[in-house]
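Source file: query33.cif; contents: mmCIF, C-alpha atoms.
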```cif
data_model
loop_
_atom_site.label_atom_id
_atom_site.label_comp_id
_atom_site.auth_asym_id
_atom_site.auth_seq_id
_atom_site.Cartn_x
_atom_site.Cartn_y
_atom_site.Cartn_z
CA MET A 1 -6.26 -30.10 -23.86
CA LEU A 2 -9.01 -27.47 -23.46
CA LYS A 3 -10.27 -29.01 -20.22
CA GLU A 4 -6.74 -29.01 -18.83
CA GLU A 5 -6.39 -25.29 -19.54
CA VAL A 6 -9.74 -24.47 -17.94
CA THR A 7 -9.08 -26.41 -14.75
CA VAL A 8 -5.79 -24.59 -14.06
CA ALA A 9 -7.76 -21.49 -13.02
CA TRP A 10 -9.83 -23.50 -10.53
CA TYR A 11 -6.70 -25.22 -9.25
CA VAL A 12 -5.02 -21.89 -8.50
CA ARG A 13 -8.09 -20.58 -6.68
CA GLY A 14 -8.34 -23.73 -4.56
CA GLN A 15 -4.64 -23.76 -3.72
CA MET A 16 -4.73 -20.07 -2.72
CA LEU A 17 -7.50 -20.85 -0.24
CA GLY A 18 -5.71 -23.94 1.04
CA LEU A 19 -8.24 -26.39 -0.43
CA ALA A 20 -7.79 -29.71 -2.16
CA PHE A 21 -8.55 -29.66 -5.90
CA PHE A 22 -11.61 -31.47 -7.24
CA ASP A 23 -13.64 -31.07 -10.41
CA GLY A 24 -17.39 -30.49 -10.18
CA GLU A 25 -18.48 -34.15 -10.28
CA GLN A 26 -15.90 -35.13 -7.68
CA ILE A 27 -17.09 -32.41 -5.29
CA LEU A 28 -20.73 -33.56 -5.53
CA ARG A 29 -19.74 -37.18 -5.01
CA VAL A 30 -17.57 -36.40 -1.99
CA LEU A 31 -20.22 -34.16 -0.39
CA PHE A 32 -22.90 -36.81 -0.90
CA LEU A 33 -20.74 -39.51 0.68
CA ILE A 34 -19.90 -37.30 3.66
CA LEU A 35 -23.57 -36.42 4.20
CA LEU A 36 -24.68 -40.03 3.87
CA GLY A 37 -21.94 -41.26 6.19
CA GLY A 38 -22.81 -38.62 8.79
CA ILE A 39 -26.49 -39.57 8.76
CA VAL A 40 -25.65 -43.27 9.13
CA VAL A 41 -23.29 -42.63 12.08
CA LEU A 42 -25.79 -40.38 13.88
CA THR A 43 -28.59 -42.90 13.31
CA VAL A 44 -26.48 -45.73 14.78
CA ILE A 45 -25.70 -43.60 17.84
CA SER A 46 -29.42 -42.75 18.26
CA VAL A 47 -30.45 -46.41 18.14
CA PHE A 48 -27.72 -47.30 20.63
CA LEU A 49 -28.86 -44.58 23.07
CA VAL A 50 -32.51 -45.66 22.88
CA LYS A 51 -31.66 -49.33 23.45
CA SER A 52 -29.29 -48.51 26.30
CA PHE A 53 -31.80 -46.43 28.26
CA LYS A 54 -35.08 -48.10 27.35
CA GLY A 55 -34.80 -50.62 30.18
CA ARG A 56 -34.42 -47.82 32.71
CA PHE A 57 -36.74 -45.13 31.27
CA GLY A 58 -39.16 -47.13 29.11
CA ASN A 59 -40.68 -45.22 26.19
CA ARG A 60 -39.17 -42.01 27.55
CA ALA A 61 -35.84 -43.31 26.19
CA TYR A 62 -36.99 -42.24 22.74
CA TRP A 63 -36.30 -38.66 23.86
CA PHE A 64 -32.60 -39.56 23.56
CA ALA A 65 -32.96 -40.33 19.83
CA PRO A 66 -32.54 -36.75 18.57
CA VAL A 67 -29.65 -35.98 20.96
CA PRO A 68 -26.84 -36.94 18.48
CA PHE A 69 -28.47 -34.82 15.75
CA VAL A 70 -28.86 -31.84 18.12
CA VAL A 71 -25.23 -32.15 19.23
CA ALA A 72 -24.07 -32.40 15.61
CA ALA A 73 -26.13 -29.35 14.59
CA GLY A 74 -24.79 -27.39 17.55
CA SER A 75 -21.22 -28.38 16.74
CA LEU A 76 -21.64 -27.32 13.12
CA TYR A 77 -23.06 -23.97 14.19
CA PHE A 78 -20.19 -23.47 16.68
CA TRP A 79 -17.65 -24.35 13.96
CA TYR A 80 -19.32 -21.90 11.57
CA TRP A 81 -19.39 -19.16 14.23
CA THR A 82 -15.73 -19.57 15.18
CA ASP A 83 -14.63 -19.88 11.54
CA ARG A 84 -16.52 -16.85 10.26
CA PRO A 85 -14.39 -14.23 8.46
CA MET A 86 -12.74 -11.53 10.57
CA SER A 87 -14.30 -8.11 10.13
CA GLY A 88 -11.82 -5.98 12.07
CA PRO A 89 -8.20 -4.97 11.50
CA PRO A 90 -5.70 -7.67 10.55
CA ASP A 91 -3.51 -9.49 13.03
CA VAL A 92 0.09 -8.29 12.78
CA LEU A 93 3.17 -10.48 13.11
CA VAL A 94 6.36 -8.45 13.54
CA GLY A 95 9.95 -9.23 12.61
CA ALA A 96 11.11 -12.67 13.75
CA ASP A 97 7.53 -13.81 14.47
CA ALA A 98 6.54 -13.05 10.87
CA VAL A 99 9.59 -14.87 9.50
CA SER A 100 8.98 -17.92 11.73
CA PHE A 101 5.35 -18.11 10.69
CA MET A 102 6.25 -17.93 6.99
CA GLU A 103 8.92 -20.60 7.42
CA SER A 104 6.52 -22.94 9.19
CA LYS A 105 3.86 -22.61 6.50
CA ILE A 106 6.14 -22.80 3.47
CA GLY A 107 8.23 -25.54 5.04
CA SER A 108 5.10 -27.62 5.67
CA GLY A 109 4.31 -27.70 1.96
CA SER A 110 1.97 -24.70 1.61
CA ASP A 111 1.41 -23.83 -2.06
CA PHE A 112 2.90 -20.35 -1.66
CA GLY A 113 2.72 -17.53 -4.20
CA TYR A 114 3.12 -13.77 -4.75
CA TRP A 115 0.10 -11.99 -6.22
CA GLY A 116 1.12 -8.34 -6.39
CA LEU A 117 3.62 -5.64 -5.35
CA ALA A 118 3.41 -1.95 -4.46
CA PHE A 119 5.54 0.69 -2.77
CA PHE A 120 3.77 2.82 -0.18
CA ASN A 121 5.29 5.35 2.23
CA GLY A 122 8.79 4.13 1.43
CA LYS A 123 8.04 0.46 2.12
CA LEU A 124 7.34 -2.49 -0.16
CA TYR A 125 4.07 -4.38 0.29
CA VAL A 126 3.62 -7.85 -1.20
CA SER A 127 0.35 -9.79 -1.38
CA THR A 128 0.53 -13.55 -0.82
CA ASN A 129 -1.80 -16.42 0.05
CA LEU A 130 -0.55 -16.16 3.65
CA GLY A 131 -1.20 -12.45 4.11
CA LEU A 132 0.33 -9.08 3.20
CA LEU A 133 4.09 -8.75 3.63
CA GLU A 134 5.76 -5.47 4.57
CA ILE A 135 9.40 -5.33 3.39
CA GLU A 136 12.01 -2.85 4.62
CA SER A 137 15.64 -2.82 3.46
CA GLY A 138 15.14 -6.17 1.78
CA ASN A 139 13.84 -7.91 4.91
CA ILE A 140 10.40 -8.85 6.24
CA SER A 141 9.32 -6.34 8.87
CA LYS A 142 5.62 -7.28 9.23
CA LEU A 143 3.02 -9.77 8.09
CA TYR A 144 -0.63 -8.66 8.09
CA ARG A 145 -3.03 -11.59 8.54
CA PHE A 146 -6.54 -10.52 7.49
CA GLN A 147 -7.94 -13.95 8.39
CA ARG A 148 -6.63 -16.37 10.99
CA ARG A 149 -7.07 -19.43 8.80
CA TYR A 150 -6.91 -18.56 5.09
CA SER A 151 -5.46 -15.07 4.70
CA VAL A 152 -5.34 -14.84 0.90
CA VAL A 153 -4.72 -11.26 -0.20
CA SER A 154 -4.96 -9.69 -3.66
CA GLY A 155 -3.42 -6.37 -4.64
CA PRO A 156 -1.93 -4.24 -3.24
CA TRP A 157 -3.01 -1.13 -5.14
CA PRO A 158 -1.59 2.32 -4.29
CA ASP A 159 -4.05 5.23 -4.22
CA ALA A 160 -2.00 8.41 -4.67
CA ALA A 161 -5.06 10.69 -4.68
CA ASP A 162 -6.21 9.61 -1.22
CA LYS A 163 -2.78 8.56 0.12
CA LEU A 164 -3.98 5.01 0.77
CA LEU A 165 -2.97 1.45 0.02
CA TRP A 166 -5.75 -0.99 -0.90
CA VAL A 167 -5.95 -4.80 -0.72
CA GLU A 168 -8.68 -7.38 -1.27
CA ASP A 169 -9.38 -9.92 1.47
CA GLU A 170 -10.36 -12.98 -0.56
CA GLN A 171 -12.10 -14.90 2.23
CA ALA A 172 -14.21 -11.93 3.36
CA ARG A 173 -14.74 -10.86 -0.28
CA GLY A 174 -14.16 -7.28 0.74
CA LEU A 175 -11.55 -4.54 0.60
CA ALA A 176 -9.32 -2.88 3.17
CA SER A 177 -7.54 0.47 2.93
CA PHE A 178 -4.39 1.45 4.83
CA ASP A 179 -3.25 5.00 5.59
CA GLY A 180 0.12 3.90 6.99
CA THR A 181 -1.23 3.50 10.51
CA LYS A 182 -4.80 2.24 10.47
CA TRP A 183 -6.66 -0.37 8.41
CA THR A 184 -10.28 0.26 7.41
CA ARG A 185 -12.62 -2.39 6.00
CA VAL A 186 -14.55 -1.28 2.91
CA PRO A 187 -17.29 -3.25 1.06
CA MET A 188 -16.55 -4.37 -2.47
CA PRO A 189 -18.59 -2.38 -5.01
CA SER A 190 -21.16 -4.49 -6.79
CA GLY A 191 -20.96 -5.52 -10.44
CA LEU A 192 -23.61 -4.98 -13.09
CA VAL A 193 -23.08 -8.19 -15.04
CA PRO A 194 -20.84 -11.25 -14.65
CA ASN A 195 -17.88 -11.03 -16.98
CA PRO A 196 -15.98 -14.25 -17.82
CA GLY A 197 -12.22 -14.06 -17.42
CA SER A 198 -12.29 -10.81 -15.45
CA LEU A 199 -11.43 -10.49 -11.76
CA PRO A 200 -11.92 -7.16 -9.91
CA GLN A 201 -9.40 -4.59 -11.12
CA PHE A 202 -8.21 -1.41 -9.39
CA VAL A 203 -6.19 1.53 -10.68
CA GLY A 204 -5.25 4.87 -9.19
CA ASN A 205 -3.32 8.04 -9.94
CA ALA A 206 -3.15 11.58 -8.60
CA ARG A 207 -6.72 12.23 -9.81
CA GLY A 208 -8.51 9.32 -8.17
CA PHE A 209 -8.89 5.63 -7.51
CA TRP A 210 -11.17 3.38 -9.56
CA ALA A 211 -12.58 -0.14 -9.19
CA VAL A 212 -13.79 -2.34 -12.06
CA VAL A 213 -16.08 -5.09 -10.80
CA GLY A 214 -18.28 -7.29 -12.97
CA GLY A 215 -18.43 -4.84 -15.87
CA SER A 216 -19.20 -1.79 -13.70
CA VAL A 217 -16.80 1.03 -12.83
CA TRP A 218 -16.68 2.89 -9.51
CA ARG A 219 -14.63 5.79 -8.17
CA TRP A 220 -13.71 6.09 -4.51
CA ASN A 221 -15.07 9.21 -2.81
CA SER A 222 -12.86 9.73 0.24
CA ASP A 223 -15.03 12.55 1.63
CA GLY A 224 -18.11 10.37 1.69
CA ALA A 225 -16.13 7.16 2.30
CA ALA A 226 -18.15 5.43 -0.42
CA TRP A 227 -17.92 4.11 -3.98
CA VAL A 228 -19.53 6.35 -6.60
CA PRO A 229 -20.57 4.77 -9.94
CA GLU A 230 -18.99 6.07 -13.13
CA ASN A 231 -20.83 6.40 -16.42
CA THR A 232 -19.94 3.07 -18.03
CA PRO A 233 -20.49 1.93 -21.64
CA LYS A 234 -23.28 -0.59 -22.05
CA PRO A 235 -22.03 -4.12 -22.82
CA PRO A 236 -22.38 -4.85 -26.57
CA SER A 237 -23.86 -8.28 -25.78
CA PRO A 238 -24.28 -10.62 -22.77
CA GLY A 239 -20.96 -11.80 -21.35
CA GLU A 240 -19.01 -8.88 -22.83
CA GLY A 241 -18.11 -5.71 -20.98
CA VAL A 242 -15.54 -3.51 -19.26
CA ILE A 243 -12.53 -5.28 -17.68
CA GLY A 244 -10.32 -2.25 -16.94
CA VAL A 245 -9.90 1.51 -17.07
CA MET A 246 -7.07 3.91 -17.84
CA PRO A 247 -7.39 7.45 -16.41
CA LEU A 248 -5.63 9.61 -18.99
CA GLY A 249 -5.55 13.37 -18.68
CA GLY A 250 -9.07 14.48 -17.85
CA GLN A 251 -10.70 11.46 -19.47
CA LEU A 252 -11.33 7.86 -18.50
CA LEU A 253 -10.64 5.17 -21.10
CA PHE A 254 -12.53 1.88 -20.77
CA ILE A 255 -11.02 -1.46 -21.82
CA GLU A 256 -13.72 -3.81 -23.14
CA ARG A 257 -13.51 -7.58 -23.60
CA HIS A 258 -15.54 -9.30 -26.31
CA GLU A 259 -14.15 -12.85 -26.20
CA LEU A 260 -16.47 -14.82 -23.90
CA LEU A 261 -13.92 -17.50 -22.91
CA PRO A 262 -10.49 -15.89 -23.39
CA PHE A 263 -8.63 -18.60 -21.47
CA LEU A 264 -9.64 -21.12 -24.16
CA VAL A 265 -7.97 -19.15 -26.98
CA ARG A 266 -4.88 -20.96 -28.25
CA PRO A 267 -1.82 -19.30 -29.83
CA ASN A 268 -2.38 -18.28 -33.47
CA GLU A 269 -6.14 -18.87 -33.12
CA GLU A 270 -8.75 -16.35 -34.25
CA PHE A 271 -10.42 -14.37 -31.44
CA LYS A 272 -12.47 -11.25 -30.81
CA SER A 273 -10.08 -8.41 -30.03
CA ASP A 274 -10.36 -6.27 -26.90
CA THR A 275 -11.23 -2.64 -27.57
CA VAL A 276 -10.81 0.72 -25.82
CA VAL A 277 -13.69 3.20 -25.73
CA VAL A 278 -13.95 6.78 -24.50
CA LEU A 279 -16.84 9.18 -23.92
CA ASP A 280 -16.78 12.43 -25.88
CA SER A 281 -20.20 13.69 -26.89
CA SER A 282 -21.03 9.98 -27.22
CA TRP A 283 -19.21 6.69 -26.79
CA ARG A 284 -16.62 6.00 -29.44
CA GLU A 285 -14.01 3.29 -29.96
CA VAL A 286 -10.37 4.39 -30.00
CA ARG A 287 -8.95 3.60 -33.43
CA SER A 288 -6.38 0.77 -33.65
CA GLU A 289 -3.65 0.26 -36.20
CA PRO A 290 -4.94 -1.73 -39.21
CA GLY A 291 -4.96 -5.45 -38.45
CA LEU A 292 -4.15 -5.00 -34.75
CA ARG A 293 -5.90 -7.56 -32.54
CA PHE A 294 -5.10 -8.04 -28.88
CA MET A 295 -6.17 -9.21 -25.45
CA VAL A 296 -5.05 -7.27 -22.39
CA ASP A 297 -2.90 -8.98 -19.78
CA SER A 298 -2.05 -5.84 -17.76
CA SER A 299 -2.01 -2.08 -18.21
CA ALA A 300 -0.39 1.06 -16.80
CA VAL A 301 -0.82 4.81 -17.22
CA THR A 302 1.91 7.46 -17.46
CA ASP A 303 1.75 11.24 -17.86
CA ASP A 304 1.11 11.18 -21.61
CA ALA A 305 -0.38 7.78 -22.50
CA GLY A 306 -1.72 4.44 -21.38
CA TYR A 307 0.15 1.22 -22.07
CA ILE A 308 -1.11 -2.34 -22.50
CA CYS A 309 0.92 -5.52 -22.11
CA THR A 310 -0.92 -8.08 -24.22
CA THR A 311 -1.27 -11.80 -23.61
CA THR A 312 1.21 -12.36 -26.46
CA GLY A 313 3.89 -10.15 -24.85
CA ASP A 314 3.48 -7.05 -27.05
CA ILE A 315 3.17 -3.50 -25.68
CA LEU A 316 0.56 -1.12 -27.08
CA ARG A 317 0.58 2.64 -26.60
CA VAL A 318 -2.90 4.07 -26.03
CA THR A 319 -4.10 7.65 -26.35
CA THR A 320 -7.60 9.00 -26.78
CA GLN A 321 -7.03 8.92 -30.54
CA GLN A 322 -5.06 5.78 -31.35
CA ILE A 323 -3.81 2.37 -30.20
CA ALA A 324 -0.43 1.49 -31.69
CA LYS A 325 2.09 -1.28 -31.16
CA ILE A 326 5.55 -0.08 -30.10
CA ASP A 327 8.94 -1.71 -30.57
CA THR A 328 10.22 -3.51 -27.47
CA PRO A 329 13.42 -5.29 -26.39
CA GLY A 330 11.54 -8.56 -25.99
CA GLU A 331 8.44 -10.27 -24.59
CA CYS A 332 6.60 -8.11 -22.05
CA GLU A 333 5.95 -9.69 -18.64
CA ALA A 334 4.92 -6.80 -16.38
CA LEU A 335 4.26 -3.04 -16.44
CA ALA A 336 4.51 -0.30 -13.82
CA PRO A 337 4.45 3.52 -13.92
CA SER A 338 7.35 5.44 -12.39
CA SER A 339 7.45 9.22 -11.99
CA GLY A 340 5.18 9.63 -14.99
CA LYS A 341 7.17 7.20 -17.15
CA LEU A 342 6.73 3.54 -18.09
CA VAL A 343 8.85 0.72 -16.67
CA ALA A 344 8.48 -2.82 -18.02
CA GLY A 345 9.91 -6.25 -17.38
CA PHE A 346 10.87 -8.32 -20.44
CA ARG A 347 11.33 -12.08 -20.29
CA ARG A 348 15.04 -13.00 -20.15
CA LYS A 349 16.02 -9.44 -21.16
CA GLY A 350 15.65 -7.31 -18.04
CA ILE A 351 13.84 -4.28 -16.61
CA TYR A 352 13.65 -1.27 -18.91
CA GLU A 353 12.36 2.32 -18.75
CA TYR A 354 10.66 3.91 -21.76
CA GLN A 355 11.63 7.51 -22.55
CA GLY A 356 11.29 9.41 -25.80
CA ASP A 357 10.41 6.31 -27.84
CA LYS A 358 13.54 4.51 -26.57
CA TRP A 359 14.12 1.80 -23.96
CA TYR A 360 16.82 2.20 -21.33
CA VAL A 361 18.03 -0.66 -19.12
CA ARG A 362 17.21 -0.26 -15.42
CA ALA A 363 18.43 -3.69 -14.30
CA ALA A 364 19.26 -7.18 -15.52
CA HIS A 365 16.48 -9.73 -15.20
CA PRO A 366 16.55 -11.47 -11.78
CA TYR A 367 15.43 -14.71 -13.47
CA PRO A 368 17.57 -14.61 -16.62
CA SER A 369 16.77 -18.10 -17.92
CA GLY A 370 13.06 -17.31 -18.27
CA GLU A 371 12.33 -21.04 -18.22
CA GLY A 372 8.89 -22.41 -17.41
CA SER A 373 5.50 -20.78 -16.92
CA TYR A 374 5.06 -18.08 -14.30
CA TRP A 375 3.26 -14.88 -13.37
CA SER A 376 5.33 -11.68 -13.05
CA HIS A 377 4.83 -8.62 -10.84
CA LEU A 378 6.73 -5.33 -10.93
CA ALA A 379 6.72 -2.32 -8.59
CA VAL A 380 8.72 0.89 -9.01
CA ASP A 381 9.08 4.00 -6.87
CA GLY A 382 11.82 6.30 -8.15
CA ALA A 383 15.06 4.40 -7.68
CA GLU A 384 13.29 1.63 -5.74
CA LEU A 385 12.41 -1.45 -7.77
CA SER A 386 11.01 -4.88 -6.92
CA TYR A 387 10.21 -7.92 -9.06
CA ALA A 388 8.44 -11.18 -8.23
CA ILE A 389 7.54 -14.32 -10.11
CA THR A 390 5.18 -17.12 -9.10
CA GLY A 391 5.38 -20.46 -10.86
CA LYS A 392 2.12 -21.40 -12.59
CA PRO A 393 0.55 -24.80 -12.04
CA VAL A 394 0.86 -26.78 -15.26
CA VAL A 395 -0.60 -30.16 -16.06
CA ASP A 396 1.80 -32.99 -15.24
CA ARG A 397 1.21 -35.15 -18.30
CA THR A 398 3.29 -38.02 -16.97
CA ALA A 399 1.10 -38.34 -13.85
CA SER A 400 -2.28 -37.40 -15.37
CA SER A 401 -4.73 -39.67 -17.11
CA GLY A 402 -8.29 -39.07 -18.30
CA ARG A 403 -10.18 -36.91 -15.80
CA ASP A 404 -7.59 -37.46 -13.03
CA MET A 405 -5.31 -34.49 -13.46
CA GLU A 406 -2.12 -33.82 -11.55
CA PHE A 407 -0.35 -30.47 -11.52
CA THR A 408 3.25 -29.42 -11.11
CA ARG A 409 5.31 -26.22 -11.41
CA ASP A 410 8.17 -25.79 -13.84
CA ALA A 411 9.30 -22.35 -12.64
CA PRO A 412 10.32 -21.00 -9.22
CA THR A 413 8.47 -18.60 -6.93
CA SER A 414 10.79 -15.74 -5.91
CA LEU A 415 10.81 -12.12 -4.76
CA TRP A 416 13.63 -9.65 -5.38
CA VAL A 417 14.42 -6.04 -4.50
CA LEU A 418 17.00 -3.92 -6.31
CA ARG A 419 19.95 -3.11 -4.06
CA GLY A 420 22.31 -0.76 -5.89
CA ALA A 421 22.70 -2.16 -9.40
CA GLU A 422 21.76 -5.77 -8.62
CA PHE A 423 18.70 -7.68 -7.44
CA GLN A 424 18.75 -9.27 -4.00
CA GLN A 425 16.38 -12.14 -3.28
CA VAL A 426 14.09 -11.74 -0.29
CA ILE A 427 14.03 -14.99 1.68
CA VAL A 428 10.56 -15.54 3.16
CA GLY A 429 10.80 -19.19 4.15
CA ARG A 430 12.44 -22.51 3.48
CA PRO A 431 11.08 -24.07 0.25
#
```
Would you encode the structure as structure tokens?
Amino acid sequence: MLKEEVTVAWYVRGQMLGLAFFDGEQILRVLFLILLGGIVVLTVISVFLVKSFKGRFGNRAYWFAPVPFVVAAGSLYFWYWTDRPMSGPPDVLVGADAVSFMESKIGSGSDFGYWGLAFFNGKLYVSTNLGLLEIESGNISKLYRFQRRYSVVSGPWPDAADKLLWVEDEQARGLASFDGTKWTRVPMPSGLVPNPGSLPQFVGNARGFWAVVGGSVWRWNSDGAAWVPENTPKPPSPGEGVIGVMPLGGQLLFIERHELLPFLVRPNEEFKSDTVVVLDSSWREVRSEPGLRFMVDSSAVTDDAGYICTTTGDILRVTTQQIAKIDTPGECEALAPSSGKLVAGFRRKGIYEYQGDKWYVRAAHPYPSGEGSYWSHLAVDGAELSYAITGKPVVDRTASSGRDMEFTRDAPTSLWVLRGAEFQQVIVGRP
């Protein structure tokens, strides 16, 4: 059971990059066989060339022996050179061309998914494993392809302080910012320590834009066009450290993880709780309600507080003085700030806005059954609202045996935008 849970993360990463899924031993075995087979084939060709030309050139025919290896090396170098990551602006497919491309990829069996949503300059941007979608009036207007082969994009993250939209180009392992007209490549800030279970995180508000990478925290300096390190709490022990930040008022709150392998924690099992720390005259931990233990799934910041959606579906309200659980209509799936207030999606229940310690319905849930396992994403901009779910790969127990694991999905992958009082599905391709 534990191995099945661990391998899901590697499966998702491989499918996003368009790769077949293998475990570690399988990869080594396949690479060894490919290398051995290549050497055997090249050797056979070398012997054939020498024998074929020896009668005509004598011992000089041995000069033909390395030719197959030189050609193979040159071909590999040419393949590497042509397949190297793009470093300039993304290719842009517009309108019908974008729709046709998406249809061809999804229709051919591509393992498609949505990985984030954000409104920017009145348009909706959606990250996918085929590129960044731009949605206007519920329809695809553009597709930004950051790489010609595997254009897997994470984000997007709005940066209100600098009036930018940020994405991560997975293949290039770098960032790109968008001002509405021009894309600019930006290096990923470096991490201090590896942190299990934590991918790069980004958060912005009217005061700034921050990156959390490998336990270190950076703030974007638009004047110097560079990342500036923030004073970050020292990890309590190896493998622990900062996984997120919440800019609240004039202070920066740091979310720390202490569970080394959080993806192995089963329901109702004991674990080391995440904590939130803040710097006053010295570092101090924000006090939690007695008995409160949690692990952060996502977070958002409003005008007066930070909010955490936990891995168990609870919502916690965070200030510089206290972390407290609040009553909710149901199981939290996604959070998003809106005009200084909190908006949240609740499984099967709907989309709600939190005001004055009360929840008000914004819309019915676009996937009311809530069946299966899936990731949820929510974006809000005033009256504009978008929701997306991506079915998670789950172990197909009927087709799996021993170390040979097969995966399936028991939930759909869909994107919706709110049109009036109802959600309208955005059709991006034929499933």
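Every protein or nucleic acid residue with an atom no more than 10 Å from Ser414 (chain A), counting all atoms listed in the file and leaving out same-chain residues fewer than 3 positions away, appears here: Gly113, Tyr114, Pro366, Tyr367, Ser376, Tyr387, Ala388, Ile389, Thr390, Gly391, Ala411, Gln425, Val426, Ile427 and Val428 of chain A.
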Original post:
What do you get, as number ranges by chain, if you spell out every residue that the PyMOL selection byres ((chain A and resi 296) around 10) selects here?
Top reply: A: 243-244, 255-257, 273-275, 294-295, 297-299, 307-316
**OP:** Can you pull out every residue within 9 Å of Thr128 (chain A), counting all atoms listed in the file, but drop anything in the same chain fewer than 6 positions away, and send it as a list in words?
**Re:**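 Residues meeting the cut-off are Met16, Phe112, Gly113, Tyr114, Trp115, Gly116, Ser151, Val152, Val153 and Ser154 of chain A.
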Subject >> Close residues, Phe202 (chain A) itself excluded, 8 Å, all atoms listed in the file, min 6 positions apart in chain, as a list in words >> reply: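 Near neighbours after the sequence-gap exclusion: Trp157, Phe209, Trp210, Ala211, Val212 and Gly244 of chain A.
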Subject >> For Val286 (chain A), the nearest of the candidates A:Val50, A:Leu253, A:Leu261, A:Val30, counting all atoms listed in the file >> reply: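 Result for the nearest residue to Val286 (chain A): A:Leu253.
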Subject >> Residue contacts of Asn205 (chain A) (9 Å, all atoms listed in the file) excluding same-chain residues fewer than 2 positions away, as number ranges by chain >> reply: A: 158-161, 203, 207-209, 247, 301
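Proximity of A:His258, A:Arg317, A:Lys54, A:Arg409 to Leu342 (chain A), computed with only C-alpha atoms, is greatest for A:Arg317.
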**OP:** May I ask for the distance between CA of Gly306 (chain A) and CA of Val167 (chain A), given in Å to one decimal place?
**Re:**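 Interatomic distance, CA of Gly306 (chain A) to CA of Val167 (chain A): 23.0 Å.
Note that CA of Trp166 (chain A) and CA of Thr184 (chain A) are 9.5 Å apart.
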Subject >> Selection under test: the PyMOL selection byres ((chain A and resi 57-70) around 10); residues as a ChimeraX atom specification >> reply: /A:38-39,41-56,71-76
Subject >> Selection result for the PyMOL selection byres ((chain A and resi 280) around 12) on this file, as JSON, numbers by chain >> reply: {"A": [231, 233, 250, 251, 252, 253, 277, 278, 279, 281, 282, 283, 284, 285, 286, 320, 321]}
For the residues in the current selection, export C-alpha atoms as a tab-separated table (two decimals), in the frame of the given file.
```
chain	number	residue	atom	x	y	z
A	231	ASN	CA	-20.83	6.40	-16.42
A	233	PRO	CA	-20.49	1.93	-21.64
A	250	GLY	CA	-9.07	14.48	-17.85
A	251	GLN	CA	-10.70	11.46	-19.47
A	252	LEU	CA	-11.33	7.86	-18.50
A	253	LEU	CA	-10.64	5.17	-21.10
A	277	VAL	CA	-13.69	3.20	-25.73
A	278	VAL	CA	-13.95	6.78	-24.50
A	279	LEU	CA	-16.84	9.18	-23.92
A	281	SER	CA	-20.20	13.69	-26.89
A	282	SER	CA	-21.03	9.98	-27.22
A	283	TRP	CA	-19.21	6.69	-26.79
A	284	ARG	CA	-16.62	6.00	-29.44
A	285	GLU	CA	-14.01	3.29	-29.96
A	286	VAL	CA	-10.37	4.39	-30.00
A	320	THR	CA	-7.60	9.00	-26.78
A	321	GLN	CA	-7.03	8.92	-30.54
```
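Here CA of Gly138 (chain A) is placed at a distance of 26.0 Å from CA of Asp410 (chain A).
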**OP:** Could you pull out every residue with an atom within 12 Å of (-10.5, -5.8, 10.2), file coordinates, counting all atoms listed in the file, and send them as a list in words?
**Re:** Pro85, Met86, Ser87, Gly88, Pro89, Pro90, Asp91, Val92, Tyr144, Arg145, Phe146, Gln147, Arg148, Ser151, Val167, Glu168, Asp169, Ala172, Gly174, Leu175, Ala176, Ser177, Phe178, Lys182, Trp183, Thr184, Arg185, Val186 and Pro187 of chain A
For the selection you just gave me, I'd like the residues written to a file as a compact mmCIF listing (two decimals), in the frame of the given file, keeping C-alpha atoms.
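Output (selection.txt):
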```
# COMPACT_ATOMS: atom_id res chain seq x y z
CA PRO A 85 -14.39 -14.23 8.46
CA MET A 86 -12.74 -11.53 10.57
CA SER A 87 -14.30 -8.11 10.13
CA GLY A 88 -11.82 -5.98 12.07
CA PRO A 89 -8.20 -4.97 11.50
CA PRO A 90 -5.70 -7.67 10.55
CA ASP A 91 -3.51 -9.49 13.03
CA VAL A 92 0.09 -8.29 12.78
CA TYR A 144 -0.63 -8.66 8.09
CA ARG A 145 -3.03 -11.59 8.54
CA PHE A 146 -6.54 -10.52 7.49
CA GLN A 147 -7.94 -13.95 8.39
CA ARG A 148 -6.63 -16.37 10.99
CA SER A 151 -5.46 -15.07 4.70
CA VAL A 167 -5.95 -4.80 -0.72
CA GLU A 168 -8.68 -7.38 -1.27
CA ASP A 169 -9.38 -9.92 1.47
CA ALA A 172 -14.21 -11.93 3.36
CA GLY A 174 -14.16 -7.28 0.74
CA LEU A 175 -11.55 -4.54 0.60
CA ALA A 176 -9.32 -2.88 3.17
CA SER A 177 -7.54 0.47 2.93
CA PHE A 178 -4.39 1.45 4.83
CA LYS A 182 -4.80 2.24 10.47
CA TRP A 183 -6.66 -0.37 8.41
CA THR A 184 -10.28 0.26 7.41
CA ARG A 185 -12.62 -2.39 6.00
CA VAL A 186 -14.55 -1.28 2.91
CA PRO A 187 -17.29 -3.25 1.06
```
